Amino acid sequence: MKTLVLIEHEGGQVKDASLATVTAAGKLGSVHALVAGEGVEAKQAAEATAKIAGVDKVLLASDAAYAHMLAENIADLIVPLMADYEALLCNATSNGKNVAPRVAALLDVMQVSDIIAIDGERTFKRPIYAGNAIATVESSDAKLVITVRGTSFEKAPIEGGTPPIEEVSGKGDASLSSFVGCETQTSERPELTSAKVIVSGGRALKDAATFEQLIVPLADKLGAGIGASRAAVDAGYVPNDYQVGQTGKIVAPELYIAIGISGAIQHLAGMKESKTIVAINKDGDAPIFQIADIGLVGDLFQIVPELTAKL
Amino acid sequence: MKILVPVKRVIDYNVRPRVKPDGSGVDLANVKMSMNPFDEIAVEEAIRLKEKGAAAEIVAVSIGPVKAQETLRTALAMGADRAILVQTDDEVEPLAVAKILKAIVDEEQPGMVLMGKQAIDDDSNQTGQMLAALWGRPQGTFASKVEVSGDSVNVTREVDGGLETVSLKLPAVVTTDLRLNEPRYASLPNIMKAKSKLLTVKAPADYGVDTAPRLKVTNVSEPPVRQAGVKVGSVDELVSKLKALGVA
Ligand SMILES: Cc1cc2nc3c(=O)[nH]c(=O)nc-3n(C[C@H](O)[C@H](O)[C@H](O)COP(=O)(O)OP(=O)(O)OC[C@H]3O[C@@H](n4cnc5c(N)ncnc54)[C@H](O)[C@@H]3O)c2cc1C
């Protein structure tokens, strides 16, 4: 099967999620990778993509209209390219989730969202009901449009490939939407979806200042990414991109420390694949303890500073 | 401007779903059902736009079984003006839902379709984007802020890196994220009033849409269960366990 992967990139670098998607695509057949963007950054990203092991060809679409991954423009770029491919794979990230269904509808294909396993050329496993059930689905569509859960596939090595880079062009700006601006934090911290250790705080952290005071030093000690429950985000302790869960980020670090988080199914959906889960909660009956490998019942305001000091 | 708000009847978010032993799906018999939480946020946002004078009429639509009338009555009690039920007992996939919605859009000519970003049962996160594609209109997904000005709308989106704002030409599709608003509860008088609001019943065939599934679900299984581990009695014990695992 010939597959096309939509690469996500930033600052000329390929995002980790795309490396996992390349691996998933490789299980289906040959892999061509589309880099859409603008100018030098897009060119650098295409060169980085060409090095990924398993990529057989890179398509580079460089145009101001592709700079911000606007779904309207990117979908119009991809649809005609799909004449040559049997499958499109995107990351199950905010960009992939935005673009892929638009392409699927234009191709009259029912998308397979958020796959966690490939059982056959047209058979996939995907979580439903916040991960409380796993569905095996078989597509009968002529083409496949798939989004891939990054934590379920190994990352393709970023060295080894030497495929050609071919320039492609599309319609450019569909004149339906435009980028106004963004509020994104750049931090030295590891990205949540690829962090080895995550320290995550819940509603119990009281306010933004307390969250900062207790969670940040512990995360610093562990070189960890910082996550949060929906309740902590809703209450404004931390920005929205910290949210872990059914509707936030899906993470699977080596170590996940849940502090003052009760363990609602929607939260568990985002972190229960973590290798080791530690829970700190004053309520010994909190559901988080049903899945924690190591639990400590007690007051986080005493435990967390002590833990930070002793690590 | 008219706003169309699609709503779905799903398992209540407080219920823990149980997989049927024969692997045919999730057991929904005698389970509490509610409006999909993201759709509630969409209804609320539409009402707020109407209260601000940016919208004139709100039409709620549901595609589902006869009981989805209850979901539509909830939307009407919150403040939607009228409702359409496209009645079917079949599972309708996002692509077919988008096609039915497109046909309704052609009839109703809304200035905006406001809908949930995903349904908490199939977790597909597709329908809004698909509708926008079929309609040839822009999409503002995962919205945490919606500001209409003239013939365009600014949508602030919750994205992996934080927040992003896009400007869309109307008509457009906007899908809601959790922090867009906190939906109101319908008051008792409004629940009574909703009973007499217009609810039209249609069938997928009225819109010429084939709802035969494209994806065959061959099995639904329980995820691997994670066993609870140990509880430790002190921070020192926790630290030594973490060290033993080599993770700290
Ligand atoms: C459609 C929908 C989608 C959702 N998506 C998500 C999602 O993606 N991610 C997510 O996280 N949630 C999500 N939720 C929300 C979810 O249902 C829960 O409400 C949320 O996860 C609760 O957050 P929490 O555990 O921080 O708060 P709570 O449930 O209030 O728990 C706080 C915990 O802190 C403990 N505690 C209090 N004080 C102390 C102390 N001093 N020391 C130690 N422990 C203490 C308490 O015992 C309690 O267990 C979603 C909900 C809906 C309806």
# chains A, B, ... in the order shown; residues from 1 in each chain; ligands from 1
$ residues_around --residues "stretch 33-39 of chain A" --least-positions-apart "3" --cutoff "10 Å" --atoms "only C-alpha atoms" --output "VMD selection string"
chain A and resid 3 to 10 12 14 18 22 25 42 to 47 49 to 50 52 55 to 69 74 77 to 78 81 88 to 89 165 to 169
$ residues_near_ligand --ligand "ligand 1" --cutoff "8 Å" --atoms "only C-alpha atoms and all ligand atoms" --output "ChimeraX atom specification"
/A:201-205,228-232,243-249,259-270,280-284,286-288,297-301 /B:13-14,36-38,120,178
$ write_last_selection --atoms "C-alpha atoms" --output "short mmCIF file (atom, residue, chain, number, x, y, z; two decimals), in the first residue's frame"
data_model
loop_
_atom_site.label_atom_id
_atom_site.label_comp_id
_atom_site.auth_asym_id
_atom_site.auth_seq_id
_atom_site.Cartn_x
_atom_site.Cartn_y
_atom_site.Cartn_z
CA GLY A 201 -1.37 18.40 39.69
CA GLY A 202 -5.11 18.53 40.35
CA ARG A 203 -7.75 20.71 41.90
CA ALA A 204 -6.24 20.18 45.35
CA LEU A 205 -3.36 22.52 44.46
CA ALA A 228 -2.71 18.82 35.15
CA SER A 229 -6.27 17.63 35.51
CA ARG A 230 -9.11 19.44 33.80
CA ALA A 231 -10.19 20.86 37.16
CA ALA A 232 -6.76 22.47 37.64
CA GLN A 243 -4.41 19.07 30.48
CA VAL A 244 -4.02 15.32 30.43
CA GLY A 245 -7.01 13.15 29.59
CA GLN A 246 -9.75 12.07 27.21
CA THR A 247 -9.97 15.55 25.78
CA GLY A 248 -6.49 16.74 26.61
CA LYS A 249 -3.16 15.12 25.93
CA ILE A 259 -0.79 14.84 42.96
CA GLY A 260 -4.19 15.80 44.36
CA ILE A 261 -5.96 14.23 41.38
CA SER A 262 -8.97 12.01 42.12
CA GLY A 263 -8.70 9.80 39.02
CA ALA A 264 -11.89 10.49 37.03
CA ILE A 265 -12.24 8.20 33.99
CA GLN A 266 -11.62 11.17 31.72
CA HIS A 267 -8.28 11.81 33.39
CA LEU A 268 -7.27 8.14 33.44
CA ALA A 269 -7.96 7.97 29.69
CA GLY A 270 -4.93 10.18 29.15
CA ILE A 280 -0.46 11.21 46.24
CA ASN A 281 -3.92 11.89 47.63
CA LYS A 282 -5.37 12.41 51.07
CA ASP A 283 -8.37 10.24 50.30
CA GLY A 284 -7.34 6.58 50.49
CA ALA A 286 -9.75 7.96 45.55
CA PRO A 287 -10.10 6.02 42.27
CA ILE A 288 -6.57 7.00 41.23
CA VAL A 297 -2.16 8.57 51.31
CA GLY A 298 -1.72 11.93 52.96
CA ASP A 299 -1.67 15.69 52.72
CA LEU A 300 0.14 16.84 49.61
CA PHE A 301 1.10 20.12 51.26
CA TYR B 13 -20.17 11.22 31.51
CA ASN B 14 -20.45 10.04 35.11
CA ASN B 36 -22.94 15.00 24.98
CA PRO B 37 -21.15 17.52 27.28
CA PHE B 38 -19.44 19.31 24.39
CA ILE B 120 -17.71 11.07 24.46
CA LEU B 178 -14.37 22.51 27.47
#
$ closest_atom_pairs --of "chain B" --to "chain A" --cutoff "7 Å" --atoms "only C-alpha atoms" --output "Markdown table"
| residue | atom | partner | partner_atom | distance |
| --- | --- | --- | --- | --- |
| B:Pro17 | CA | A:Asn132 | CA | 6.3 |
| B:Val19 | CA | A:Ala133 | CA | 6.5 |
| B:Leu95 | CA | A:Met110 | CA | 5.7 |
| B:Ile120 | CA | A:Tyr129 | CA | 5.9 |
| B:Asp121 | CA | A:Tyr129 | CA | 4.6 |
| B:Asp122 | CA | A:Ile128 | CA | 5.0 |
| B:Asp123 | CA | A:Ile128 | CA | 5.7 |
| B:Ser124 | CA | A:Ser113 | CA | 5.7 |
| B:Asn125 | CA | A:Lys97 | CA | 6.9 |
| B:Gln126 | CA | A:Pro101 | CA | 5.3 |
| B:Gln129 | CA | A:Arg102 | CA | 5.1 |
| B:Met130 | CA | A:Arg102 | CA | 5.0 |
| B:Ala133 | CA | A:Arg102 | CA | 5.2 |
| B:Leu134 | CA | A:Ala105 | CA | 6.5 |
| B:Arg137 | CA | A:Leu176 | CA | 6.8 |
| B:Pro138 | CA | A:Leu176 | CA | 5.5 |
| B:Thr141 | CA | A:Asn98 | CA | 6.7 |
| B:Glu158 | CA | A:Asn240 | CA | 6.9 |
| B:Val159 | CA | A:Ser94 | CA | 5.4 |
| B:Asp160 | CA | A:Asp241 | CA | 5.6 |
| B:Gly161 | CA | A:Thr184 | CA | 5.5 |
| B:Gly162 | CA | A:Thr184 | CA | 4.8 |
| B:Leu163 | CA | A:Glu183 | CA | 5.1 |
| B:Glu164 | CA | A:Cys182 | CA | 4.1 |
| B:Thr165 | CA | A:Gly181 | CA | 5.3 |
| B:Val166 | CA | A:Phe179 | CA | 4.6 |
| B:Ser167 | CA | A:Ser178 | CA | 5.2 |
| B:Leu168 | CA | A:Ser177 | CA | 4.4 |
| B:Lys169 | CA | A:Leu176 | CA | 5.6 |
| B:Arg179 | CA | A:Asp234 | CA | 6.7 |
| B:Arg214 | CA | A:Ser140 | CA | 5.5 |
| B:Leu215 | CA | A:Ser139 | CA | 4.6 |
| B:Lys216 | CA | A:Glu138 | CA | 5.0 |
| B:Val217 | CA | A:Val137 | CA | 4.4 |
| B:Thr218 | CA | A:Thr136 | CA | 5.6 |
| B:Asn219 | CA | A:Thr136 | CA | 5.1 |
| B:Val220 | CA | A:Ala135 | CA | 4.4 |
| B:Ser221 | CA | A:Ile134 | CA | 5.2 |
| B:Glu222 | CA | A:Ala133 | CA | 5.0 |
| B:Pro223 | CA | A:Ala133 | CA | 5.7 |
| B:Arg226 | CA | A:Ile291 | CA | 5.6 |
| B:Gln227 | CA | A:Ile291 | CA | 5.9 |
| B:Ala228 | CA | A:Ile291 | CA | 4.7 |
| B:Gly229 | CA | A:Asp293 | CA | 4.0 |
| B:Val230 | CA | A:Ile294 | CA | 5.2 |
| B:Lys231 | CA | A:Gly295 | CA | 4.4 |
| B:Val232 | CA | A:Leu296 | CA | 5.4 |
| B:Gly233 | CA | A:Leu296 | CA | 6.4 |
| B:Val235 | CA | A:Leu307 | CA | 6.0 |
| B:Val239 | CA | A:Leu311 | CA | 6.7 |
| B:Val247 | CA | A:Leu255 | CA | 6.7 |
| B:Ala248 | CA | A:Leu222 | CA | 6.6 |
$ select_by_dssp --residues "stretch 50-184 of chain A" --states "strand (DSSP E or B)" --output "PDB file with N, CA, C and O atoms, in the first residue's frame"
ATOM      1  N   LYS A  57      10.087   8.939   0.346  1.00  0.00           N
ATOM      2  CA  LYS A  57      10.105  10.149  -0.471  1.00  0.00           C
ATOM      3  C   LYS A  57       9.513  11.283   0.351  1.00  0.00           C
ATOM      4  O   LYS A  57       8.607  11.051   1.167  1.00  0.00           O
ATOM      5  N   VAL A  58      10.010  12.508   0.125  1.00  0.00           N
ATOM      6  CA  VAL A  58       9.463  13.665   0.830  1.00  0.00           C
ATOM      7  C   VAL A  58       8.829  14.594  -0.188  1.00  0.00           C
ATOM      8  O   VAL A  58       9.415  14.881  -1.234  1.00  0.00           O
ATOM      9  N   LEU A  59       7.616  15.024   0.095  1.00  0.00           N
ATOM     10  CA  LEU A  59       6.972  16.047  -0.731  1.00  0.00           C
ATOM     11  C   LEU A  59       7.024  17.347   0.054  1.00  0.00           C
ATOM     12  O   LEU A  59       6.647  17.379   1.225  1.00  0.00           O
ATOM     13  N   LEU A  60       7.499  18.397  -0.583  1.00  0.00           N
ATOM     14  CA  LEU A  60       7.584  19.693   0.092  1.00  0.00           C
ATOM     15  C   LEU A  60       6.663  20.687  -0.597  1.00  0.00           C
ATOM     16  O   LEU A  60       6.802  20.948  -1.795  1.00  0.00           O
ATOM     17  N   ALA A  61       5.716  21.222   0.176  1.00  0.00           N
ATOM     18  CA  ALA A  61       4.826  22.262  -0.337  1.00  0.00           C
ATOM     19  C   ALA A  61       5.113  23.533   0.434  1.00  0.00           C
ATOM     20  O   ALA A  61       4.842  23.627   1.621  1.00  0.00           O
ATOM     21  N   SER A  62       5.722  24.486  -0.257  1.00  0.00           N
ATOM     22  CA  SER A  62       6.122  25.711   0.418  1.00  0.00           C
ATOM     23  C   SER A  62       5.290  26.880  -0.105  1.00  0.00           C
ATOM     24  O   SER A  62       5.312  27.189  -1.292  1.00  0.00           O
ATOM     25  N   ALA A  87      -3.547   5.542   1.401  1.00  0.00           N
ATOM     26  CA  ALA A  87      -3.811   5.891   2.794  1.00  0.00           C
ATOM     27  C   ALA A  87      -3.146   7.216   3.158  1.00  0.00           C
ATOM     28  O   ALA A  87      -2.035   7.501   2.709  1.00  0.00           O
ATOM     29  N   LEU A  88      -3.855   7.996   3.977  1.00  0.00           N
ATOM     30  CA  LEU A  88      -3.288   9.208   4.568  1.00  0.00           C
ATOM     31  C   LEU A  88      -3.215   8.981   6.071  1.00  0.00           C
ATOM     32  O   LEU A  88      -4.207   8.579   6.687  1.00  0.00           O
ATOM     33  N   LEU A  89      -2.053   9.238   6.650  1.00  0.00           N
ATOM     34  CA  LEU A  89      -1.931   9.126   8.104  1.00  0.00           C
ATOM     35  C   LEU A  89      -1.503  10.460   8.692  1.00  0.00           C
ATOM     36  O   LEU A  89      -0.546  11.087   8.219  1.00  0.00           O
ATOM     37  N   CYS A  90      -2.241  10.902   9.703  1.00  0.00           N
ATOM     38  CA  CYS A  90      -1.914  12.138  10.412  1.00  0.00           C
ATOM     39  C   CYS A  90      -1.760  11.799  11.887  1.00  0.00           C
ATOM     40  O   CYS A  90      -2.229  10.763  12.355  1.00  0.00           O
ATOM     41  N   ASN A  91      -1.110  12.702  12.627  1.00  0.00           N
ATOM     42  CA  ASN A  91      -1.007  12.507  14.072  1.00  0.00           C
ATOM     43  C   ASN A  91      -2.367  12.775  14.709  1.00  0.00           C
ATOM     44  O   ASN A  91      -3.089  13.665  14.269  1.00  0.00           O
ATOM     45  N   VAL A 112     -10.618   6.687  10.335  1.00  0.00           N
ATOM     46  CA  VAL A 112     -10.384   5.869  11.528  1.00  0.00           C
ATOM     47  C   VAL A 112      -9.537   6.725  12.473  1.00  0.00           C
ATOM     48  O   VAL A 112      -8.388   7.026  12.183  1.00  0.00           O
ATOM     49  N   SER A 113     -10.135   7.140  13.588  1.00  0.00           N
ATOM     50  CA  SER A 113      -9.471   8.074  14.499  1.00  0.00           C
ATOM     51  C   SER A 113      -8.644   7.368  15.553  1.00  0.00           C
ATOM     52  O   SER A 113      -9.056   6.343  16.096  1.00  0.00           O
ATOM     53  N   ASP A 114      -7.478   7.952  15.844  1.00  0.00           N
ATOM     54  CA  ASP A 114      -6.741   7.639  17.069  1.00  0.00           C
ATOM     55  C   ASP A 114      -6.386   6.161  17.203  1.00  0.00           C
ATOM     56  O   ASP A 114      -6.621   5.543  18.235  1.00  0.00           O
ATOM     57  N   ILE A 115      -5.796   5.577  16.148  1.00  0.00           N
ATOM     58  CA  ILE A 115      -5.505   4.147  16.221  1.00  0.00           C
ATOM     59  C   ILE A 115      -4.369   3.860  17.199  1.00  0.00           C
ATOM     60  O   ILE A 115      -3.427   4.644  17.352  1.00  0.00           O
ATOM     61  N   ALA A 117      -3.337   0.356  17.351  1.00  0.00           N
ATOM     62  CA  ALA A 117      -2.719  -0.869  16.824  1.00  0.00           C
ATOM     63  C   ALA A 117      -3.212  -1.107  15.408  1.00  0.00           C
ATOM     64  O   ALA A 117      -4.301  -0.661  15.028  1.00  0.00           O
ATOM     65  N   ILE A 118      -2.365  -1.788  14.632  1.00  0.00           N
ATOM     66  CA  ILE A 118      -2.714  -2.167  13.264  1.00  0.00           C
ATOM     67  C   ILE A 118      -2.789  -3.689  13.237  1.00  0.00           C
ATOM     68  O   ILE A 118      -1.800  -4.359  13.475  1.00  0.00           O
ATOM     69  N   ASP A 119      -3.992  -4.205  12.961  1.00  0.00           N
ATOM     70  CA  ASP A 119      -4.187  -5.666  12.984  1.00  0.00           C
ATOM     71  C   ASP A 119      -4.134  -6.285  11.591  1.00  0.00           C
ATOM     72  O   ASP A 119      -4.089  -7.498  11.442  1.00  0.00           O
ATOM     73  N   GLY A 120      -4.206  -5.445  10.567  1.00  0.00           N
ATOM     74  CA  GLY A 120      -4.211  -5.928   9.193  1.00  0.00           C
ATOM     75  C   GLY A 120      -4.234  -4.704   8.302  1.00  0.00           C
ATOM     76  O   GLY A 120      -4.308  -3.579   8.808  1.00  0.00           O
ATOM     77  N   THR A 123      -7.530  -3.164   9.117  1.00  0.00           N
ATOM     78  CA  THR A 123      -8.102  -3.438  10.440  1.00  0.00           C
ATOM     79  C   THR A 123      -7.264  -2.785  11.528  1.00  0.00           C
ATOM     80  O   THR A 123      -6.048  -2.961  11.579  1.00  0.00           O
ATOM     81  N   PHE A 124      -7.961  -2.039  12.371  1.00  0.00           N
ATOM     82  CA  PHE A 124      -7.266  -1.224  13.366  1.00  0.00           C
ATOM     83  C   PHE A 124      -7.947  -1.316  14.719  1.00  0.00           C
ATOM     84  O   PHE A 124      -9.139  -1.562  14.788  1.00  0.00           O
ATOM     85  N   LYS A 125      -7.156  -1.087  15.756  1.00  0.00           N
ATOM     86  CA  LYS A 125      -7.743  -0.959  17.084  1.00  0.00           C
ATOM     87  C   LYS A 125      -7.735   0.501  17.490  1.00  0.00           C
ATOM     88  O   LYS A 125      -6.766   1.214  17.242  1.00  0.00           O
ATOM     89  N   ARG A 126      -8.867   0.924  18.099  1.00  0.00           N
ATOM     90  CA  ARG A 126      -8.923   2.300  18.593  1.00  0.00           C
ATOM     91  C   ARG A 126      -9.726   2.349  19.881  1.00  0.00           C
ATOM     92  O   ARG A 126     -10.702   1.620  20.044  1.00  0.00           O
ATOM     93  N   PRO A 127      -9.308   3.220  20.820  1.00  0.00           N
ATOM     94  CA  PRO A 127     -10.058   3.334  22.068  1.00  0.00           C
ATOM     95  C   PRO A 127     -11.348   4.129  21.866  1.00  0.00           C
ATOM     96  O   PRO A 127     -11.373   5.094  21.090  1.00  0.00           O
ATOM     97  N   ILE A 128     -12.407   3.715  22.521  1.00  0.00           N
ATOM     98  CA  ILE A 128     -13.658   4.468  22.532  1.00  0.00           C
ATOM     99  C   ILE A 128     -14.102   4.625  23.989  1.00  0.00           C
ATOM    100  O   ILE A 128     -13.498   4.028  24.875  1.00  0.00           O
ATOM    101  N   ALA A 133     -13.173   1.084  26.469  1.00  0.00           N
ATOM    102  CA  ALA A 133     -13.379  -0.037  25.561  1.00  0.00           C
ATOM    103  C   ALA A 133     -12.446   0.156  24.377  1.00  0.00           C
ATOM    104  O   ALA A 133     -12.070   1.281  24.033  1.00  0.00           O
ATOM    105  N   ILE A 134     -12.045  -0.968  23.790  1.00  0.00           N
ATOM    106  CA  ILE A 134     -11.183  -0.928  22.609  1.00  0.00           C
ATOM    107  C   ILE A 134     -11.959  -1.557  21.458  1.00  0.00           C
ATOM    108  O   ILE A 134     -12.374  -2.712  21.546  1.00  0.00           O
ATOM    109  N   ALA A 135     -12.176  -0.785  20.401  1.00  0.00           N
ATOM    110  CA  ALA A 135     -12.913  -1.302  19.245  1.00  0.00           C
ATOM    111  C   ALA A 135     -11.924  -1.756  18.179  1.00  0.00           C
ATOM    112  O   ALA A 135     -10.917  -1.092  17.926  1.00  0.00           O
ATOM    113  N   THR A 136     -12.229  -2.889  17.556  1.00  0.00           N
ATOM    114  CA  THR A 136     -11.483  -3.318  16.377  1.00  0.00           C
ATOM    115  C   THR A 136     -12.355  -2.980  15.177  1.00  0.00           C
ATOM    116  O   THR A 136     -13.504  -3.417  15.110  1.00  0.00           O
ATOM    117  N   VAL A 137     -11.835  -2.170  14.270  1.00  0.00           N
ATOM    118  CA  VAL A 137     -12.659  -1.739  13.132  1.00  0.00           C
ATOM    119  C   VAL A 137     -11.969  -2.068  11.819  1.00  0.00           C
ATOM    120  O   VAL A 137     -10.744  -2.035  11.713  1.00  0.00           O
ATOM    121  N   GLU A 138     -12.813  -2.390  10.841  1.00  0.00           N
ATOM    122  CA  GLU A 138     -12.316  -2.766   9.530  1.00  0.00           C
ATOM    123  C   GLU A 138     -12.921  -1.790   8.530  1.00  0.00           C
ATOM    124  O   GLU A 138     -14.138  -1.633   8.486  1.00  0.00           O
ATOM    125  N   SER A 139     -12.086  -1.136   7.747  1.00  0.00           N
ATOM    126  CA  SER A 139     -12.586  -0.146   6.804  1.00  0.00           C
ATOM    127  C   SER A 139     -12.936  -0.779   5.466  1.00  0.00           C
ATOM    128  O   SER A 139     -12.209  -1.632   4.966  1.00  0.00           O
ATOM    129  N   LEU A 144      -7.848   4.960   2.843  1.00  0.00           N
ATOM    130  CA  LEU A 144      -7.875   5.063   4.299  1.00  0.00           C
ATOM    131  C   LEU A 144      -7.438   6.458   4.727  1.00  0.00           C
ATOM    132  O   LEU A 144      -6.482   7.005   4.169  1.00  0.00           O
ATOM    133  N   VAL A 145      -8.155   7.028   5.687  1.00  0.00           N
ATOM    134  CA  VAL A 145      -7.680   8.240   6.354  1.00  0.00           C
ATOM    135  C   VAL A 145      -7.644   7.913   7.842  1.00  0.00           C
ATOM    136  O   VAL A 145      -8.638   7.485   8.422  1.00  0.00           O
ATOM    137  N   ILE A 146      -6.466   8.084   8.430  1.00  0.00           N
ATOM    138  CA  ILE A 146      -6.215   7.570   9.777  1.00  0.00           C
ATOM    139  C   ILE A 146      -5.537   8.646  10.614  1.00  0.00           C
ATOM    140  O   ILE A 146      -4.674   9.375  10.117  1.00  0.00           O
ATOM    141  N   THR A 147      -5.920   8.751  11.893  1.00  0.00           N
ATOM    142  CA  THR A 147      -5.063   9.507  12.812  1.00  0.00           C
ATOM    143  C   THR A 147      -4.453   8.506  13.796  1.00  0.00           C
ATOM    144  O   THR A 147      -5.080   7.519  14.163  1.00  0.00           O
ATOM    145  N   VAL A 148      -3.213   8.777  14.187  1.00  0.00           N
ATOM    146  CA  VAL A 148      -2.408   7.817  14.935  1.00  0.00           C
ATOM    147  C   VAL A 148      -2.097   8.354  16.328  1.00  0.00           C
ATOM    148  O   VAL A 148      -1.634   9.492  16.472  1.00  0.00           O
ATOM    149  N   ILE A 165      13.712  14.718  -2.221  1.00  0.00           N
ATOM    150  CA  ILE A 165      12.689  15.706  -1.839  1.00  0.00           C
ATOM    151  C   ILE A 165      12.103  16.274  -3.124  1.00  0.00           C
ATOM    152  O   ILE A 165      12.842  16.774  -3.981  1.00  0.00           O
ATOM    153  N   GLU A 166      10.784  16.159  -3.262  1.00  0.00           N
ATOM    154  CA  GLU A 166      10.136  16.663  -4.473  1.00  0.00           C
ATOM    155  C   GLU A 166       9.237  17.827  -4.101  1.00  0.00           C
ATOM    156  O   GLU A 166       8.466  17.744  -3.147  1.00  0.00           O
ATOM    157  N   GLU A 167       9.339  18.910  -4.854  1.00  0.00           N
ATOM    158  CA  GLU A 167       8.465  20.048  -4.542  1.00  0.00           C
ATOM    159  C   GLU A 167       7.099  19.828  -5.164  1.00  0.00           C
ATOM    160  O   GLU A 167       6.984  19.393  -6.305  1.00  0.00           O
ATOM    161  N   SER A 177     -10.144  31.367   5.627  1.00  0.00           N
ATOM    162  CA  SER A 177      -9.694  31.537   7.003  1.00  0.00           C
ATOM    163  C   SER A 177      -8.333  32.206   7.012  1.00  0.00           C
ATOM    164  O   SER A 177      -7.607  32.156   6.022  1.00  0.00           O
ATOM    165  N   SER A 178      -8.003  32.826   8.137  1.00  0.00           N
ATOM    166  CA  SER A 178      -6.663  33.377   8.267  1.00  0.00           C
ATOM    167  C   SER A 178      -6.185  33.242   9.705  1.00  0.00           C
ATOM    168  O   SER A 178      -6.983  33.143  10.633  1.00  0.00           O
ATOM    169  N   PHE A 179      -4.878  33.215   9.843  1.00  0.00           N
ATOM    170  CA  PHE A 179      -4.248  33.080  11.157  1.00  0.00           C
ATOM    171  C   PHE A 179      -4.164  34.461  11.796  1.00  0.00           C
ATOM    172  O   PHE A 179      -3.713  35.413  11.166  1.00  0.00           O
ATOM    173  N   VAL A 180      -4.617  34.577  13.042  1.00  0.00           N
ATOM    174  CA  VAL A 180      -4.577  35.877  13.713  1.00  0.00           C
ATOM    175  C   VAL A 180      -3.405  35.946  14.689  1.00  0.00           C
ATOM    176  O   VAL A 180      -2.659  36.920  14.721  1.00  0.00           O
ATOM    177  N   GLY A 181      -3.226  34.890  15.485  1.00  0.00           N
ATOM    178  CA  GLY A 181      -2.123  34.920  16.439  1.00  0.00           C
ATOM    179  C   GLY A 181      -2.154  33.718  17.348  1.00  0.00           C
ATOM    180  O   GLY A 181      -3.080  32.901  17.278  1.00  0.00           O
ATOM    181  N   CYS A 182      -1.114  33.588  18.152  1.00  0.00           N
ATOM    182  CA  CYS A 182      -1.131  32.470  19.098  1.00  0.00           C
ATOM    183  C   CYS A 182      -0.494  32.867  20.413  1.00  0.00           C
ATOM    184  O   CYS A 182       0.271  33.816  20.490  1.00  0.00           O
ATOM    185  N   GLU A 183      -0.887  32.140  21.431  1.00  0.00           N
ATOM    186  CA  GLU A 183      -0.323  32.310  22.764  1.00  0.00           C
ATOM    187  C   GLU A 183       0.274  30.980  23.132  1.00  0.00           C
ATOM    188  O   GLU A 183      -0.432  30.082  23.573  1.00  0.00           O
ATOM    189  N   THR A 184       1.541  30.837  22.884  1.00  0.00           N
ATOM    190  CA  THR A 184       2.149  29.568  23.262  1.00  0.00           C
ATOM    191  C   THR A 184       3.357  29.863  24.127  1.00  0.00           C
ATOM    192  O   THR A 184       4.078  30.822  23.890  1.00  0.00           O
TER     193      THR A 184
END
$ atom_distance --atom1 "atom CA of B:Thr127" --atom2 "atom CA of B:Leu114"
11.3 Å
$ select_by_dssp --residues "stretch 167-236 of chain B" --states "helix (DSSP H, G or I)" --output "PyMOL selection string"
chain B and resi 178-180+188-194+204-207+235-236
$ residues_around --residues "stretch 58-65 of chain B" --least-positions-apart "3" --cutoff "6 Å" --atoms "only C-alpha atoms" --output "list in words"
Lys2, Ile3, Leu4, Val5, Pro6, Val7, Lys8, Ala68, Ala80, Asp81, Arg82, Ala83, Ile84, Leu85, Val86, Gln87, Thr88 and Asp89 of chain B
$ atom_distance --atom1 "atom CA of B:Gly79" --atom2 "atom CA of B:Ile47"
6.2 Å
$ closest_residue --among "B:Leu199, B:Ala143, B:Glu57, B:Ala96" --to "B:Asn181" --atoms "only C-alpha atoms"
B:Ala143
